[in-house]
Amino acid sequence: MKILLAEDDDRVADFIVNGLSENGHSVERVADGRDALSYCLYNSADLAILDRMMPGMDGLSVLKALRAATNDVPVIFLTALGDVDERVEGLCAGADDYLAKPFHFSELQARVTALTRRRKEMADITVLEVHDLRLDLLARTATRKGQPIDLQSKEFALLDVLMRNAGRVVTRTMLLEQVWDFNFEPGTTVVETHVSRLRAKIDRPFDVPLLHTIRNTGYMMHGPR
Amino acid sequence: MDRANILSGAAFRTATHAALAVVAAFSLTGFVSFSYLRATLDATLAQQVRTDEIMLHDIYDAGGKTDLVQAISEINNPLSQTPRVIGVFDTDGIKLAGNIDNLPPLGTSRRIELTTTDHHAKSSSYYLNSTRFADVTLVLGQDLALTDMAEKSFLWVLLGAGVVLTVAILAIGYTASRSSLVKLTRLERTLDLVSQGQTDARVPVKGMDQIDRIADRVNAHLERLSSLMLSTRTTAAAIAHDLRTPLSRAFLSLQEAQSRLEKGQDPRAAIEAADGELTGLGRIFDAILRIARIGAETGRHDFSDVDLVPILADLTETFAPIAEENGQSLTLIPGPAAAPISGDSRMLRQMLVNLIQNALTHCPKGAAVTLAVKAEATATSVEVADAGHGIPEAERARVFDPFFRLDRNRTTPGSGLGLALVKAIADRHGATVNLSDNQPGLKVAIRFPGIARFVQKVSFASDGGKVKGLG
């Protein structure tokens, strides 16, 4: 996959370029906002990672210009720590995801993967299935092997996000944002506790585990391989 | 006191203008009244002369020249009270009778200086009138001394009043200007002192005029500025202190990882430890930046209507399992069906999470934490109550300071920024935070100002409705 990275800090950029290249992506790196804009307009990138603060033109302006030019390349917006408003602003301006610096590479990797597939799959899905687990989004019911599973609303939302991303890593931060709408670190084991409760309902009574913990990163739903 | 400074003061300049206006007004009214006075007095004299003339004319008509001369000689006797001029002359200008020797040259002016020849023998200014009869000319005159004196007195009074008034106005202006200058100098000196670093310098305020009001405002601003400076200093010191610990731990872990690598051992545990420390450091920075940003923002342009009831229900569902794992309980007490306020829902969520978090962290096993929401006509409030150790009354005000922790040994988790962030968010929403004793434990009450237009919409569900605690 072809990814544009617009980041002015060389060390951070090298780190991201190396990481993404190792994962089989081809990465074009620019250090200036104007270069980022012209690259996106005249070349076809599958994904753009834009830093908020850049010389020439800041990330937000690049993003707005892209969207104004009806360019719908998926964009991950990188913001400085603590700039809550900028994250929201980024999403409003048409970013598909945002990530606050500093971040672990696994966090970026998970979001890149999630984003490149999200578009194709998200529309019109009413039922999610992983192996023998079935989640009906309209009836709001979960069944495994035909047995109904009683879920509370947070557990349902958690399972929804995990199953939509089946086969891909979903990080703790992504879960906090998407399930709880927390754009901050709550400081406790919110995610861990709820995942463990969910696991007790959907996995423990059955023989094949579906909800897997990815060490230091997050969780992944997948059937037996 | 610098005189030039006083004279250039606004009050004195105004007084100068006022004095000029007074002088102009006095001159104009003085001129008009003087003319009027003179005309009136002259008319009176003319009337007297005319009366005499009519009487003498009657005598002349009856008895001719002889009777007239006779009558004038009688009138002009030593007992006559009023000093006046009277004289009768023949056609050649020769005196026949009277107290003047020569026929005065009567031109246009009726005011003439002359000396009478009778016992008064007075040299004075006279108002004269001459009438020609068939063979004599009659000259009658009234002394102008009295009217001149009246006119002179009038002028003196006018002048005196004008001078006194002008001086008084200038004096008042000078005094006012001087007192303003004194106050302004004090203001200036205080600001100088503050800018030189003496942050506790304040402007002395005595009266309640405009300058005093400004001085009051300046003092209030200085107060706020110095408290901000103080808190910035303490915060900076606390930041430095609290960041050094995780930073040095991270360094140590990385060094350990390096030495393990050199020894051919597995360095992952040490790297993870360093990672954990740095993540914690990142969180502290995040909290500091959020507090700073929330504190710096003003206005409510990004506020919307937020209902606290669903947020609380949602957070109860999120945190009740965590409380359960700690052997505690978290319950939302049934309350109104809706509790609307104007605010930023993300900030409010974070505030409530921090409060719940704080209660769960600082409560022992078995403690109950309750959430309650009240929607009243004037205010909406949220209460987070726990049955933990509480906060001693003396410490309650300080728990909102960044990095303040009751646990001085810092063994419990937390950065000491949670409640500071709560306070910052509450302030941003115009809400008050009140800490009280829950007997035992702590009760935190956040009181938001009510939204008037919501009041009629809010229905109070008496049975608690759909909102149920999940503890």
# chains A, B, ... in the order shown; residues from 1 in each chain; ligands from 1
>>> residues_around(residues="His212 of chain A", least_positions_apart="6", cutoff="7 Å", atoms="only C-alpha atoms", output="ChimeraX atom specification")
/A:219-221
>>> select_by_dssp(residues="segment 216-370 of chain B", states="alpha helix (DSSP H)", output="MDAnalysis selection string")
chainID B and resid 216:262 268:296 308:325 345:362
>>> residues_around(residues="Ala145 of chain B", least_positions_apart="4", cutoff="7 Å", atoms="only C-alpha atoms", output="list in words")
Ser124, Ser125 and Met149 of chain B
>>> atom_distance(atom1="atom CA of Asp203 of chain A", atom2="atom CA of Gly187 of chain A")
26.6 Å
>>> closest_residue(among="A:Phe184, A:Thr116, A:Leu162, A:Leu37", to="Ala68 of chain A", atoms="only C-alpha atoms")
A:Leu37
>>> interface_residues(of="chain A", to="chain B", cutoff="10 Å", atoms="only C-alpha atoms", output="PyMOL selection string")
chain A and resi 80-85+100-104+152-155+180-194+197+216
>>> write_last_selection(atoms="N, CA and C atoms", output="short mmCIF file (atom, residue, chain, number, x, y, z; two decimals), in the first residue's frame")
data_model
loop_
_atom_site.label_atom_id
_atom_site.label_comp_id
_atom_site.auth_asym_id
_atom_site.auth_seq_id
_atom_site.Cartn_x
_atom_site.Cartn_y
_atom_site.Cartn_z
N ALA A 80 -0.25 17.06 18.57
CA ALA A 80 0.58 17.12 19.77
C ALA A 80 -0.25 16.68 20.96
N LEU A 81 0.45 16.25 21.95
CA LEU A 81 -0.18 15.80 23.19
C LEU A 81 -1.06 16.89 23.81
N GLY A 82 -2.21 16.49 24.26
CA GLY A 82 -3.03 17.42 25.03
C GLY A 82 -3.87 18.36 24.21
N ASP A 83 -3.65 18.40 22.91
CA ASP A 83 -4.43 19.32 22.11
C ASP A 83 -5.77 18.70 21.72
N VAL A 84 -6.59 18.55 22.75
CA VAL A 84 -7.87 17.89 22.58
C VAL A 84 -8.67 18.51 21.44
N ASP A 85 -8.69 19.84 21.45
CA ASP A 85 -9.50 20.53 20.47
C ASP A 85 -9.02 20.28 19.05
N ALA A 100 -2.49 10.96 18.99
CA ALA A 100 -1.73 11.98 19.71
C ALA A 100 -0.31 11.50 19.91
N LYS A 101 0.62 12.42 19.70
CA LYS A 101 2.03 12.10 19.94
C LYS A 101 2.33 12.27 21.42
N PRO A 102 3.22 11.51 22.01
CA PRO A 102 3.93 10.37 21.40
C PRO A 102 3.05 9.13 21.36
N PHE A 103 3.31 8.24 20.46
CA PHE A 103 2.51 7.02 20.37
C PHE A 103 3.44 5.84 20.14
N HIS A 104 2.92 4.66 20.44
CA HIS A 104 3.67 3.44 20.12
C HIS A 104 3.43 3.14 18.66
N GLN A 152 -24.52 -6.37 28.25
CA GLN A 152 -24.89 -5.00 28.62
C GLN A 152 -24.47 -4.07 27.49
N SER A 153 -24.96 -2.82 27.51
CA SER A 153 -24.77 -1.98 26.33
C SER A 153 -23.29 -1.70 26.04
N LYS A 154 -22.47 -1.52 27.09
CA LYS A 154 -21.05 -1.28 26.85
C LYS A 154 -20.39 -2.51 26.26
N GLU A 155 -20.80 -3.68 26.76
CA GLU A 155 -20.23 -4.93 26.25
C GLU A 155 -20.61 -5.12 24.79
N TRP A 180 -16.03 4.19 24.47
CA TRP A 180 -16.36 5.05 25.62
C TRP A 180 -16.36 6.54 25.28
N ASP A 181 -15.88 6.87 24.10
CA ASP A 181 -15.77 8.27 23.72
C ASP A 181 -14.87 9.05 24.69
N PHE A 182 -13.85 8.35 25.19
CA PHE A 182 -12.86 9.01 26.05
C PHE A 182 -11.69 9.40 25.16
N ASN A 183 -11.41 10.66 25.06
CA ASN A 183 -10.19 11.03 24.35
C ASN A 183 -9.09 11.32 25.36
N PHE A 184 -9.16 10.63 26.50
CA PHE A 184 -8.14 10.78 27.53
C PHE A 184 -7.90 9.41 28.14
N GLU A 185 -6.83 9.31 28.87
CA GLU A 185 -6.50 8.06 29.53
C GLU A 185 -7.19 8.04 30.89
N PRO A 186 -8.16 7.12 31.10
CA PRO A 186 -8.89 7.20 32.37
C PRO A 186 -8.07 6.73 33.56
N GLY A 187 -6.89 6.17 33.32
CA GLY A 187 -6.02 5.85 34.44
C GLY A 187 -6.35 4.56 35.16
N THR A 188 -7.45 3.92 34.79
CA THR A 188 -7.73 2.62 35.39
C THR A 188 -7.89 1.58 34.30
N THR A 189 -8.24 0.42 34.77
CA THR A 189 -8.32 -0.73 33.90
C THR A 189 -9.70 -0.82 33.25
N VAL A 190 -10.20 0.30 32.74
CA VAL A 190 -11.53 0.29 32.13
C VAL A 190 -11.61 -0.75 31.02
N VAL A 191 -10.65 -0.68 30.09
CA VAL A 191 -10.70 -1.59 28.94
C VAL A 191 -10.51 -3.03 29.39
N GLU A 192 -9.48 -3.25 30.21
CA GLU A 192 -9.16 -4.61 30.64
C GLU A 192 -10.33 -5.26 31.36
N THR A 193 -10.94 -4.51 32.28
CA THR A 193 -12.05 -5.07 33.05
C THR A 193 -13.22 -5.44 32.15
N HIS A 194 -13.56 -4.55 31.22
CA HIS A 194 -14.72 -4.83 30.38
C HIS A 194 -14.42 -5.95 29.38
N ARG A 197 -14.77 -9.17 31.25
CA ARG A 197 -16.18 -9.53 31.46
C ARG A 197 -16.81 -10.05 30.18
N ASN A 216 0.95 -5.93 25.00
CA ASN A 216 1.42 -4.54 24.89
C ASN A 216 0.69 -3.70 23.84
#
>>> closest_residue(among="A:Glu89, A:Asp97, A:Glu7, A:Asp35", to="Met53 of chain A", atoms="only C-alpha atoms")
A:Glu7
>>> select_by_dssp(residues="segment 4-224 of chain A", states="strand (DSSP E)", output="count of residues only")
47
>>> residues_around(residues="Met54 of chain A", least_positions_apart="6", cutoff="6 Å", atoms="only C-alpha atoms", output="PyMOL selection string")
chain A and resi 8+32-33
>>> residues_around(residues="Ile172 of chain B", least_positions_apart="5", cutoff="10 Å", atoms="only C-alpha atoms", output="JSON, numbers by chain")
{"B": [11, 12, 15, 166, 167, 177, 178]}
>>> write_last_selection(atoms="C-alpha atoms", output="PDB file, in the first residue's frame")
ATOM      1  CA  ALA B  11      -8.958  69.391  36.185  1.00  0.00           C
ATOM      2  CA  PHE B  12      -6.914  72.592  36.076  1.00  0.00           C
ATOM      3  CA  ALA B  15     -10.999  75.199  35.444  1.00  0.00           C
ATOM      4  CA  THR B 166     -12.304  83.461  38.603  1.00  0.00           C
ATOM      5  CA  VAL B 167      -9.758  82.986  41.352  1.00  0.00           C
ATOM      6  CA  SER B 177      -5.687  68.679  39.613  1.00  0.00           C
ATOM      7  CA  ARG B 178      -3.230  68.355  42.443  1.00  0.00           C
TER       8      ARG B 178
END
>>> residues_around(residues="Gly24 of chain A", least_positions_apart="4", cutoff="12 Å", atoms="only C-alpha atoms", output="PyMOL selection string")
chain A and resi 1-3+17-20+109+113
>>> atom_distance(atom1="atom CA of Thr51 of chain B", atom2="atom CA of Ile112 of chain B")
20.1 Å
>>> closest_residue(among="B:Val85, B:Ala426, B:Leu41, B:Ala220", to="Val205 of chain B", atoms="only C-alpha atoms")
B:Ala220
>>> closest_residue(among="A:Val12, A:Leu135, A:Leu151, A:Ala110", to="Gly218 of chain A", atoms="only C-alpha atoms")
A:Ala110
>>> closest_residue(among="B:Ala46, B:Leu419, B:Leu37, B:Ile54", to="Phe154 of chain B", atoms="only C-alpha atoms")
B:Leu37
>>> decode(residues="segment 250-275 of chain B", atoms="C-alpha atoms", output="PDB file, in the first residue's frame")
ATOM      1  CA  ALA B 250      13.074   5.446  32.790  1.00  0.00           C
ATOM      2  CA  PHE B 251      16.782   6.260  32.446  1.00  0.00           C
ATOM      3  CA  LEU B 252      17.688   3.575  34.951  1.00  0.00           C
ATOM      4  CA  SER B 253      15.535   1.006  33.195  1.00  0.00           C
ATOM      5  CA  LEU B 254      17.116   1.794  29.850  1.00  0.00           C
ATOM      6  CA  GLN B 255      20.595   1.490  31.353  1.00  0.00           C
ATOM      7  CA  GLU B 256      19.582  -1.822  32.840  1.00  0.00           C
ATOM      8  CA  ALA B 257      18.272  -2.977  29.479  1.00  0.00           C
ATOM      9  CA  GLN B 258      21.581  -2.033  27.900  1.00  0.00           C
ATOM     10  CA  SER B 259      23.649  -3.888  30.465  1.00  0.00           C
ATOM     11  CA  ARG B 260      21.401  -6.947  30.181  1.00  0.00           C
ATOM     12  CA  LEU B 261      21.913  -6.889  26.422  1.00  0.00           C
ATOM     13  CA  GLU B 262      25.662  -6.695  26.897  1.00  0.00           C
ATOM     14  CA  LYS B 263      25.488  -9.681  29.229  1.00  0.00           C
ATOM     15  CA  GLY B 264      23.423 -11.550  26.674  1.00  0.00           C
ATOM     16  CA  GLN B 265      20.288 -11.507  28.851  1.00  0.00           C
ATOM     17  CA  ASP B 266      16.710 -10.665  27.869  1.00  0.00           C
ATOM     18  CA  PRO B 267      16.273  -6.866  28.141  1.00  0.00           C
ATOM     19  CA  ARG B 268      12.543  -6.762  27.390  1.00  0.00           C
ATOM     20  CA  ALA B 269      11.314  -6.434  30.962  1.00  0.00           C
ATOM     21  CA  ALA B 270      13.552  -3.415  31.550  1.00  0.00           C
ATOM     22  CA  ILE B 271      12.495  -1.814  28.258  1.00  0.00           C
ATOM     23  CA  GLU B 272       8.859  -2.332  29.143  1.00  0.00           C
ATOM     24  CA  ALA B 273       9.484  -0.725  32.522  1.00  0.00           C
ATOM     25  CA  ALA B 274      11.045   2.296  30.813  1.00  0.00           C
ATOM     26  CA  ASP B 275       8.125   2.390  28.408  1.00  0.00           C
TER      27      ASP B 275
END
